[in-house]
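*Asks:* My questions all concern the structure below.
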Amino acid sequence: MANDKYRNFTELLSVEKEGIDYIIEWKNRNTKWCIIAPHGGGIEPATSEIVSAVAGINYSYYIFGGIKKSKNSNLHITSEFFDEKGASEILQSAEYAITLHGCAGYDNKILVGGLDLDNREKLTLLLTNAGFDADNNPPDELSGVKPDNICNRCLSGNGVQLELDISVRKSMFRGLDRKGRKMPLPPFYKFVSVIKGFIEQ
């Protein structure tokens with residue numbers, strides 16, 4: 001985004017401190033799919049929790065999460081420029097990627113983007129059948145179709161980007177603050193089940 005404080009991870013590292021301002025969690029299990037939250041923690045709340053639950057003990061995953069007391073949005077790096085080395089390693093060992101993001105809006109929408117058009121369509125159908133309002137035609141700024149977008153930097157060059165609006169994420173937890181995100185609700189488990197079922201096909 002044009003209003004990002006940092007253009008890339010190198011710039012962020014020169015100011016922000018790991019363990020104080022942000023955390024990085026990742027595990028390379030050399031799986032066909034990897035699950036990534038590049039804006040986790042307090043940056044786009046609920047995305048970290050979803051990625052952790054989907055990955056479980058079976059899939060490669062990566063989380064960059066903001067842990068500041070405030071202004072976690074300062075840690076946002078646009079997906080095309082997110083170049084942290086752990087994320088790059090995960091992506092270059094997985095054929096396909098799903099990235100989880102949070103977007104604005106209160107329409108209970110899940111926007112399904114990325115260059116993997118076949119899997120976008122399949123996942124949209126699965127989400128819709130599970131009762132979610134999934135849209136396979138997101139606006140350009142949330143489409144995730146740029147080749148450099150983090151979701152498309154997997155080995156196949158085609159990934160899936162999921163943008164969950166605020167209403168969807170709020171429905172999954174008692175709250176979107178740190179305390180609330182420790183108390184998932186039924187929609188959270190249903191969503192995680194859909195994503196797991198999709199990547200296990």
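We label chains A, B, ... in the order they appear in the structure tokens, count residues from 1 in each chain, and number ligands from 1 in the order shown.
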Can you list, as a PyMOL selection string, every protein, DNA or RNA residue that comes within 9 Å of A:Arg120 when you count only C-alpha atoms, leaving out same-chain residues fewer than 4 positions away?
*Replies:* chain A and resi 112-116+124-125+136+159-161
*Asks:* Since we have the selection now, will you write its residues out, keeping N, CA, C and O atoms, as a compact mmCIF listing (two decimals), in the first residue's frame?
*Replies:*
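Listing of selection_24.txt after writing:
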```
# COMPACT_ATOMS: atom_id res chain seq x y z
N VAL A 112 -12.00 -14.17 -2.44
CA VAL A 112 -11.08 -15.23 -2.85
C VAL A 112 -10.30 -14.77 -4.08
O VAL A 112 -10.88 -14.58 -5.16
N GLY A 113 -9.00 -14.56 -3.91
CA GLY A 113 -8.16 -14.07 -5.00
C GLY A 113 -6.96 -14.96 -5.25
O GLY A 113 -6.91 -16.10 -4.78
N GLY A 114 -5.99 -14.43 -5.99
CA GLY A 114 -4.78 -15.18 -6.33
C GLY A 114 -4.80 -15.62 -7.78
O GLY A 114 -5.83 -15.55 -8.47
N LEU A 115 -3.65 -16.09 -8.26
CA LEU A 115 -3.52 -16.50 -9.66
C LEU A 115 -3.98 -17.92 -9.93
O LEU A 115 -4.10 -18.33 -11.08
N ASP A 116 -4.24 -18.69 -8.87
CA ASP A 116 -4.68 -20.08 -9.04
C ASP A 116 -6.19 -20.10 -9.27
O ASP A 116 -6.98 -20.33 -8.36
N THR A 124 -14.04 -21.33 -3.35
CA THR A 124 -15.23 -20.48 -3.26
C THR A 124 -16.49 -21.33 -3.12
O THR A 124 -17.36 -21.03 -2.29
N LEU A 125 -16.58 -22.39 -3.90
CA LEU A 125 -17.74 -23.27 -3.84
C LEU A 125 -17.83 -23.96 -2.47
O LEU A 125 -18.91 -24.05 -1.88
N ASN A 136 -15.63 -14.81 -5.53
CA ASN A 136 -14.49 -15.15 -6.37
C ASN A 136 -14.10 -14.02 -7.32
O ASN A 136 -13.24 -14.21 -8.19
N GLY A 159 -1.13 -19.03 -6.53
CA GLY A 159 -1.61 -19.23 -5.18
C GLY A 159 -3.02 -18.72 -4.99
O GLY A 159 -3.66 -18.22 -5.92
N VAL A 160 -3.50 -18.86 -3.76
CA VAL A 160 -4.85 -18.40 -3.38
C VAL A 160 -4.71 -17.40 -2.24
O VAL A 160 -3.98 -17.64 -1.28
N GLN A 161 -5.41 -16.29 -2.36
CA GLN A 161 -5.43 -15.26 -1.32
C GLN A 161 -6.85 -15.15 -0.77
O GLN A 161 -7.79 -14.97 -1.54
```
*Asks:* I need the strand (DSSP E) residues of stretch 123-169 of chain A per DSSP on the backbone, written as a list in words.
*Replies:*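 Those in stretch 123-169 of chain A that DSSP calls strand (DSSP E) are Asp133, Ala134, Asp135, Val160, Gln161, Leu162, Glu163, Leu164 and Asp165 of chain A.
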*Asks:* Taking C-alpha atoms for each residue, export the selection above as a compact mmCIF listing (two decimals), in the first residue's frame.
*Replies:*
```
# COMPACT_ATOMS: atom_id res chain seq x y z
CA ASP A 133 -20.47 -15.52 1.67
CA ALA A 134 -17.46 -16.12 -0.58
CA ASP A 135 -16.77 -13.91 -3.61
CA VAL A 160 -4.85 -18.40 -3.38
CA GLN A 161 -5.43 -15.26 -1.32
CA LEU A 162 -8.27 -15.09 1.20
CA GLU A 163 -9.42 -11.71 2.48
CA LEU A 164 -11.79 -11.92 5.47
CA ASP A 165 -13.67 -8.75 6.30
```
*Asks:* Extract, using only C-alpha atoms, all DNA, RNA and protein residues at most 7 Å from A:Ile36, discarding same-chain residues fewer than 3 positions from it, and format them as JSON, numbers by chain.
*Replies:* {"A": [51, 61, 62, 63, 98, 99, 100]}
*Asks:* From stretch 70-201 of chain A, collect each residue whose DSSP state is alpha helix (DSSP H) and return the set as a PyMOL selection string.
*Replies:* chain A and resi 85-91+117-129+166-172+186-199
*Asks:* May I ask for the distance between atom CA of A:Ala46 and atom CA of A:Arg181, given in Å to one decimal place?
*Replies:* 6.5 Å
*Asks:* Could you jot down the atom CA of A:Ala94 to atom CA of A:Leu127 separation for me, Å, one decimal place?
*Replies:*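 Between these atoms lies a distance of 23.1 Å.
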